[in-house]
Amino acid sequence: MSFPKRYLGDGVFIEYDGDALVLTTSDGKHDTNRIVLYPGVHTALVAYVNDVVDAGGVTVESKS
């Protein structure tokens, strides 16, 4: 299963290719960078973001 590319903001897109989350940056015409986050890296990223949120470093918007 894969999911289509979605814009996150600031020129950053995310998609799921069936194996990993793939982050890309784009200048509007071409992808300029690509970062592949396999499950272990994704888990570590989520844990890091949660630590920052818990410490009050950023706020997370909830869907209403």
# chains A, B, ... in the order shown; residues from 1 in each chain; ligands from 1
$ select_by_dssp --residues "chain A" --states "strand (DSSP E)" --output "ChimeraX atom specification"
/A:3-9,12-16,21-26,31-37
$ residues_around --residues "segment 27-37 of chain A" --least-positions-apart "6" --cutoff "12 Å" --atoms "only C-alpha atoms" --output "ChimeraX atom specification"
/A:5,7,10-21,43-46
$ select_by_dssp --residues "chain A" --states "alpha helix (DSSP H)" --output "PyMOL selection string"
chain A and resi 39-54
$ atom_distance --atom1 "atom CA of Val22 of chain A" --atom2 "atom CA of Gly57 of chain A"
25.1 Å
$ atom_distance --atom1 "atom CA of Val53 of chain A" --atom2 "atom CA of Pro4 of chain A"
27.5 Å
$ atom_distance --atom1 "atom CA of Arg6 of chain A" --atom2 "atom CA of Ser26 of chain A"
11.9 Å
